[in-house]
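This is final07.txt (compact mmCIF, C-alpha atoms and all ligand atoms).
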# COMPACT_ATOMS: atom_id res chain seq x y z
CA MET N 14 15.35 -15.67 4.54
CA ASP N 15 12.80 -15.18 7.28
CA VAL N 16 10.72 -12.07 6.92
CA ARG N 17 8.24 -11.03 9.54
CA LEU N 18 5.74 -8.22 9.77
CA ARG N 19 5.32 -5.94 12.75
CA PRO N 20 3.92 -2.44 13.26
CA LEU N 21 6.04 0.34 11.78
CA ARG N 22 7.38 2.53 14.56
CA GLU N 23 8.65 6.05 14.94
CA SER N 24 12.09 4.58 15.63
CA ASP N 25 12.07 3.09 12.09
CA LEU N 26 11.82 6.48 10.44
CA ASP N 27 15.57 6.96 9.79
CA ARG N 28 15.51 3.76 7.77
CA VAL N 29 12.19 4.63 6.15
CA MET N 30 13.56 7.98 5.02
CA GLU N 31 16.53 6.20 3.48
CA LEU N 32 14.23 3.82 1.58
CA GLU N 33 11.61 6.42 0.72
CA GLU N 34 14.06 8.35 -1.45
CA GLN N 35 15.15 5.18 -3.24
CA LEU N 36 11.59 3.88 -3.70
CA PHE N 37 9.65 7.00 -4.58
CA GLY N 38 12.21 9.60 -5.70
CA ALA N 39 10.51 12.94 -6.23
CA GLY N 40 7.36 11.54 -4.66
CA ALA N 41 9.05 10.57 -1.38
CA TRP N 42 7.19 11.51 1.77
CA SER N 43 8.87 13.60 4.43
CA ARG N 44 9.64 12.45 7.95
CA GLY N 45 7.00 14.89 9.16
CA ALA N 46 4.40 13.30 6.92
CA TYR N 47 5.28 9.86 8.30
CA LEU N 48 5.21 11.10 11.86
CA GLU N 49 1.76 12.50 11.27
CA GLU N 50 0.66 9.21 9.76
CA LEU N 51 2.06 7.13 12.62
CA THR N 52 0.98 9.30 15.49
CA ARG N 53 -2.00 11.46 14.60
CA ALA N 54 -3.81 10.34 11.47
CA PRO N 55 -6.93 8.34 12.36
CA GLY N 56 -7.43 4.70 11.44
CA ARG N 57 -3.99 4.05 10.03
CA THR N 58 -2.14 0.74 10.01
CA TYR N 59 1.52 0.88 9.04
CA LEU N 60 3.50 -2.35 8.87
CA ALA N 61 7.22 -3.02 8.59
CA ALA N 62 8.66 -6.13 6.93
CA VAL N 63 11.85 -6.97 8.80
CA VAL N 64 14.66 -9.49 8.53
CA ASP N 65 16.95 -10.42 11.38
CA ARG N 66 20.64 -9.98 10.76
CA ALA N 67 23.68 -10.49 12.99
CA ASP N 68 23.75 -6.74 13.65
CA GLY N 69 20.03 -6.57 14.43
CA GLU N 70 16.72 -6.15 12.73
CA LEU N 71 16.56 -4.55 9.29
CA VAL N 72 13.42 -2.98 7.80
CA VAL N 73 13.28 -4.18 4.19
CA GLY N 74 9.80 -3.00 3.33
CA TYR N 75 6.76 -1.22 4.65
CA ALA N 76 3.16 -0.51 3.82
CA GLY N 77 0.28 1.54 5.12
CA LEU N 78 -3.51 1.53 5.06
CA ALA N 79 -6.21 4.02 6.00
CA ALA N 80 -9.17 2.10 7.36
CA GLY N 81 -12.77 2.75 6.42
CA THR N 82 -15.66 1.05 4.66
CA GLU N 83 -13.64 2.02 1.62
CA ALA N 84 -10.09 1.51 2.87
CA GLN N 85 -7.16 3.07 1.06
CA VAL N 86 -3.67 1.70 0.55
CA MET N 87 -1.39 4.61 1.41
CA THR N 88 1.95 3.13 0.45
CA VAL N 89 3.80 -0.11 -0.28
CA GLY N 90 7.54 -0.37 -0.80
CA VAL N 91 10.26 -3.00 -0.68
CA ASP N 92 14.01 -2.34 -0.64
CA ALA N 93 15.43 -3.18 -4.08
CA PRO N 94 17.74 -6.06 -3.02
CA TYR N 95 14.80 -7.80 -1.32
CA ARG N 96 12.30 -7.65 -4.19
CA ARG N 97 10.69 -10.60 -5.99
CA ARG N 98 10.72 -12.72 -2.87
CA GLY N 99 7.09 -12.24 -1.96
CA ILE N 100 7.56 -9.43 0.55
CA GLY N 101 5.36 -6.99 -1.36
CA ARG N 102 2.62 -9.59 -1.52
CA LEU N 103 3.01 -10.37 2.18
CA LEU N 104 2.53 -6.69 2.98
CA VAL N 105 -0.46 -6.26 0.63
CA ASP N 106 -2.16 -9.39 1.99
CA ALA N 107 -1.66 -8.12 5.55
CA LEU N 108 -3.19 -4.76 4.61
CA LEU N 109 -6.18 -6.54 3.07
CA ALA N 110 -6.63 -8.63 6.21
CA ASP N 111 -6.40 -5.50 8.34
CA ALA N 112 -8.90 -3.67 6.12
CA ARG N 113 -11.33 -6.55 6.44
CA ALA N 114 -10.84 -6.71 10.21
CA HIS N 115 -11.77 -3.02 10.34
CA GLY N 116 -14.96 -3.56 8.35
CA ALA N 117 -13.84 -2.51 4.88
CA ARG N 118 -15.88 -3.74 1.93
CA THR N 119 -13.50 -2.40 -0.65
CA VAL N 120 -9.86 -1.36 -0.70
CA LEU N 121 -8.62 1.24 -3.16
CA LEU N 122 -5.20 2.29 -4.29
CA GLU N 123 -3.46 4.38 -6.88
CA VAL N 124 -0.44 3.06 -8.70
CA ARG N 125 1.78 4.62 -11.34
CA ALA N 126 0.37 3.93 -14.80
CA GLY N 127 3.86 3.00 -15.99
CA ASP N 128 4.58 0.60 -13.13
CA ALA N 129 3.51 -2.70 -14.61
CA GLY N 130 5.28 -4.69 -11.87
CA ALA N 131 3.37 -3.05 -9.03
CA GLN N 132 0.10 -3.38 -10.99
CA ARG N 133 0.81 -7.07 -11.44
CA LEU N 134 1.46 -7.48 -7.73
CA TYR N 135 -1.85 -5.80 -6.91
CA ALA N 136 -3.76 -7.75 -9.57
CA ARG N 137 -2.43 -11.00 -8.16
CA ALA N 138 -3.54 -9.89 -4.69
CA GLY N 139 -7.10 -9.39 -5.98
CA PHE N 140 -7.20 -5.77 -7.17
CA GLU N 141 -8.67 -4.77 -10.51
CA PRO N 142 -8.24 -1.51 -12.40
CA ILE N 143 -11.31 0.74 -12.22
CA GLY N 144 -10.13 4.07 -13.53
CA ARG N 145 -7.33 6.48 -14.15
CA ARG N 146 -6.27 9.75 -12.57
CA ARG N 147 -4.56 12.03 -15.01
CA ASN N 148 -1.25 13.58 -13.91
CA TYR N 149 -1.76 12.25 -10.38
CA TYR N 150 1.99 12.03 -9.81
CA GLN N 151 2.61 15.62 -10.71
CA ALA N 152 6.31 15.60 -9.91
CA GLU N 153 6.82 12.99 -12.62
CA GLY N 154 3.87 14.04 -14.80
CA GLU N 155 2.51 10.50 -14.61
CA ASP N 156 -1.05 9.18 -14.46
CA ALA N 157 -2.28 6.86 -11.75
CA VAL N 158 -4.29 3.73 -12.33
CA VAL N 159 -6.94 3.36 -9.63
CA MET N 160 -7.35 -0.23 -8.50
CA ARG N 161 -9.93 -1.77 -6.23
CA ALA N 162 -10.28 -5.00 -4.29
CA ARG N 163 -13.68 -6.11 -3.05
CA LEU N 164 -13.58 -7.90 0.28
CA ALA N 165 -15.79 -10.69 1.46
CA PRO N 166 -17.33 -9.99 4.85
CA THR N 167 -15.46 -11.42 7.81
CA PRO N 168 -16.65 -14.96 8.34
CA GLY N 169 -19.03 -15.01 11.26
CA PRO N 170 -19.86 -17.97 13.48
CA VAL N 171 -22.94 -19.12 11.58
CA GLY N 172 -23.31 -19.63 7.87
CA ALA N 173 -20.92 -16.88 7.03
CA GLU N 174 -19.26 -16.40 3.71
CA THR N 175 -15.77 -17.57 3.36
CA GLY N 176 -13.34 -16.40 0.82
CA GLY N 177 -9.89 -15.34 -0.07
CA PRO N 178 -8.41 -11.98 0.66
CA ALA N 179 -10.32 -10.28 -2.09
CA GLU N 180 -13.14 -10.98 -4.46
CA THR N 181 -12.78 -9.67 -7.93
CA GLY N 182 -14.85 -9.99 -11.00
CA GLY N 183 -17.83 -7.84 -10.23
CA PRO N 184 -18.81 -5.11 -12.65
CA ALA N 185 -16.10 -2.47 -12.54
CA GLU N 186 -17.24 1.05 -11.92
CA THR N 187 -15.28 3.80 -13.48
CA GLY N 188 -14.32 7.07 -11.98
CA GLY N 189 -12.19 8.03 -9.06
CA PRO N 190 -12.68 6.58 -5.65
CA ALA N 191 -13.76 8.48 -2.62
CA LEU N 192 -10.47 9.29 -1.06
CA THR N 193 -9.94 8.90 2.61
CA GLY N 194 -9.88 12.14 4.44
CA GLY N 195 -8.24 12.90 7.70
CA PRO N 196 -5.63 15.49 8.29
CA ALA N 197 -2.71 13.61 6.90
CA ALA N 198 -3.39 11.83 3.65
CA HIS N 199 -0.24 12.66 1.77
CA GLY N 200 -0.29 15.08 -1.07
CA VAL N 201 1.28 14.78 -4.44
CA PRO N 202 3.60 16.16 -5.69
CA ALA N 203 5.13 17.75 -2.65
CA ARG N 204 4.34 14.88 -0.27
CA THR N 205 3.41 17.45 2.29
CA PRO N 206 0.46 16.42 4.39
CA GLN N 207 -2.65 17.36 2.49
CA GLU N 208 -5.69 15.45 1.44
CA GLY N 209 -6.21 13.52 -1.68
CA ALA N 210 -3.29 11.40 -2.69
CA GLU N 211 -1.29 8.46 -1.60
CA ASN N 212 2.13 6.99 -2.10
CA ALA N 213 0.84 3.75 -3.53
C1 LIG C 301 6.11 -2.95 -6.20
C2 LIG C 301 6.95 -3.57 -5.08
C3 LIG C 301 6.36 -3.16 -3.73
C4 LIG C 301 6.89 -5.11 -5.22
O1 LIG C 301 7.55 -5.69 -4.12
P1 LIG C 301 8.13 -7.18 -4.19
O2 LIG C 301 8.48 -7.59 -2.81
O3 LIG C 301 9.17 -7.28 -5.23
O4 LIG C 301 6.83 -7.97 -4.69
P2 LIG C 301 6.60 -9.57 -4.63
O5 LIG C 301 7.92 -10.28 -4.65
O6 LIG C 301 5.68 -9.87 -3.52
O7 LIG C 301 5.86 -9.80 -6.02
C5 LIG C 301 4.64 -10.51 -6.12
C6 LIG C 301 4.26 -10.61 -7.57
O8 LIG C 301 4.01 -9.30 -8.09
C7 LIG C 301 4.50 -9.24 -9.44
N1 LIG C 301 5.65 -8.32 -9.51
C8 LIG C 301 6.24 -7.66 -8.50
N2 LIG C 301 7.25 -6.87 -8.97
C9 LIG C 301 7.29 -7.06 -10.30
C10 LIG C 301 8.09 -6.53 -11.34
N3 LIG C 301 9.06 -5.63 -11.10
N4 LIG C 301 7.84 -6.94 -12.60
C11 LIG C 301 6.86 -7.82 -12.88
N5 LIG C 301 6.06 -8.38 -11.91
C12 LIG C 301 6.27 -8.00 -10.66
C13 LIG C 301 4.93 -10.63 -9.80
O9 LIG C 301 3.81 -11.29 -10.31
C14 LIG C 301 5.33 -11.17 -8.45
O10 LIG C 301 5.28 -12.58 -8.37
P3 LIG C 301 6.52 -13.45 -8.93
O11 LIG C 301 7.77 -12.87 -8.35
O12 LIG C 301 6.19 -14.82 -8.43
O13 LIG C 301 6.48 -13.30 -10.42
C15 LIG C 301 8.44 -3.14 -5.19
O14 LIG C 301 8.90 -3.39 -6.51
C16 LIG C 301 8.67 -1.68 -4.88
O15 LIG C 301 8.84 -1.30 -3.73
N6 LIG C 301 8.73 -0.81 -5.90
C17 LIG C 301 9.02 0.60 -5.70
C18 LIG C 301 7.92 1.32 -4.99
C19 LIG C 301 6.60 1.09 -5.66
O16 LIG C 301 6.50 1.22 -6.87
N7 LIG C 301 5.57 0.75 -4.88
C20 LIG C 301 4.28 0.36 -5.40
C21 LIG C 301 3.45 1.48 -5.77
S1 LIG C 301 3.19 2.51 -4.40
Is it possible to express this structure as structure tokens?
Amino acid sequence: MDVRLRPLRESDLDRVMELEEQLFGAGAWSRGAYLEELTRAPGRTYLAAVVDRADGELVVGYAGLAAGTEAQVMTVGVDAPYRRRGIGRLLVDALLADARAHGARTVLLEVRAGDAGAQRLYARAGFEPIGRRRNYYQAEGEDAVVMRARLAPTPGPVGAETGGPAETGGPAETGGPALTGGPAAHGVPARTPQEGAENA
């Protein structure tokens, strides 16, 4: 199965809405929230993972990032029949590369405390847990684990550092991250555009 990544587009939103419900249930974002993210929110990168089928292209996953020195993973999701084939990792690695290209030194995310699979995916991609946000997913009454990846600087032409997508192992700080602002970071639990929470 060939999967490729491309920018997520407004024309994908019917499919995204279909998946959003399946992936995030009560925490699903609205079409309006996605439109805001794709068209107006500053510094966003949203990617679609697509497969080609006889009847055309199918979006099987997507992910989003808010750029910054401290970048923030906004969401990552893969359609259930396409999981455990490396698509989540492909998306996360692409977000890390994008964060680095935009000058990020760290990338933060929140993930459901009870979602060991997603935490494993992020840990394997170089994230480490640095704290917890109580009742972050209010609709489900679930805590979030805050995870962070440290990025090596982009290799420059002379004597630059090299490195994988993320460097872990430094002393972990505790406490919540500085959340990205902007008008459209999605809120929890209603997933209406408001600051302070993400889908990841
Ligand atoms: C989390 C999610 C994005 C993973 O997508 P995926 O395409 O299945 O992930 P990958 O195939 O790239 O997995 C990479 C590694 O992560 C770990 N992992 C991923 N899902 C896992 C699971 N359910 N259980 C245990 N480990 C898991 C494994 O180590 C896996 O490697 P392996 O298959 O070689 O063992 C997907 O399950 C999903 O969309 N879940 C619902 C939405 C969600 O929870 N999003 C994340 C938080 S916002």
Would you compute, for all listed atoms of segment 54-65 of chain N, the axis-aligned bounding box grown by 8 Å on each side, and then report its centre and edge lengths in Å rounded to one decimal, as lines of an AutoDock Vina configuration file?
center_x = 4.8
center_y = 0.0
center_z = 9.6
size_x = 40.4
size_y = 36.8
size_z = 21.4
Residues within 12 Å of Asp27 of chain N, all atoms listed in the file, excluding chain neighbours under 5 positions, as a list in words | Leu21, Arg22, Leu32, Glu33, Glu34, Ser43, Arg44, Gly45, Tyr47, Leu48, Leu71 and Val72 of chain N
Deliver the residues from the most recent selection as a file, using C-alpha atoms, as a PDB file, in the coordinates of the input.
ATOM      1  CA  LEU N  21       6.040   0.340  11.780  1.00  0.00           C
ATOM      2  CA  ARG N  22       7.380   2.530  14.560  1.00  0.00           C
ATOM      3  CA  LEU N  32      14.230   3.820   1.580  1.00  0.00           C
ATOM      4  CA  GLU N  33      11.610   6.420   0.720  1.00  0.00           C
ATOM      5  CA  GLU N  34      14.060   8.350  -1.450  1.00  0.00           C
ATOM      6  CA  SER N  43       8.870  13.600   4.430  1.00  0.00           C
ATOM      7  CA  ARG N  44       9.640  12.450   7.950  1.00  0.00           C
ATOM      8  CA  GLY N  45       7.000  14.890   9.160  1.00  0.00           C
ATOM      9  CA  TYR N  47       5.280   9.860   8.300  1.00  0.00           C
ATOM     10  CA  LEU N  48       5.210  11.100  11.860  1.00  0.00           C
ATOM     11  CA  LEU N  71      16.560  -4.550   9.290  1.00  0.00           C
ATOM     12  CA  VAL N  72      13.420  -2.980   7.800  1.00  0.00           C
TER      13      VAL N  72
END
Contacts with ligand LIG 301 (chain C) at most 9 Å, all atoms listed in the file counted, listed as a VMD selection string | chain N and resid 33 35 to 37 74 to 76 86 to 105 122 to 125 128 to 138 211 to 213
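Between atom CA of Ala84 of chain N and atom CA of Leu164 of chain N lies a distance of 10.4 Å.
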Atom CA of Asp25 of chain N and atom CA of Ala67 of chain N are how many Å apart?
->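 Taking atom CA of Asp25 of chain N and atom CA of Ala67 of chain N, their separation equals 17.9 Å.
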What separation in Å, quoted to one decimal, exists between atom CA of Ala117 of chain N and atom CA of Pro142 of chain N?
->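 Separating atom CA of Ala117 of chain N from atom CA of Pro142 of chain N is a distance of 18.2 Å.
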Which residue gives the smallest distance to Leu78 of chain N among N:Thr52, N:Asn148, N:Thr58, N:Ser24, with only C-alpha atoms counted?
->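 Smallest distance to Leu78 of chain N is found for N:Thr58.
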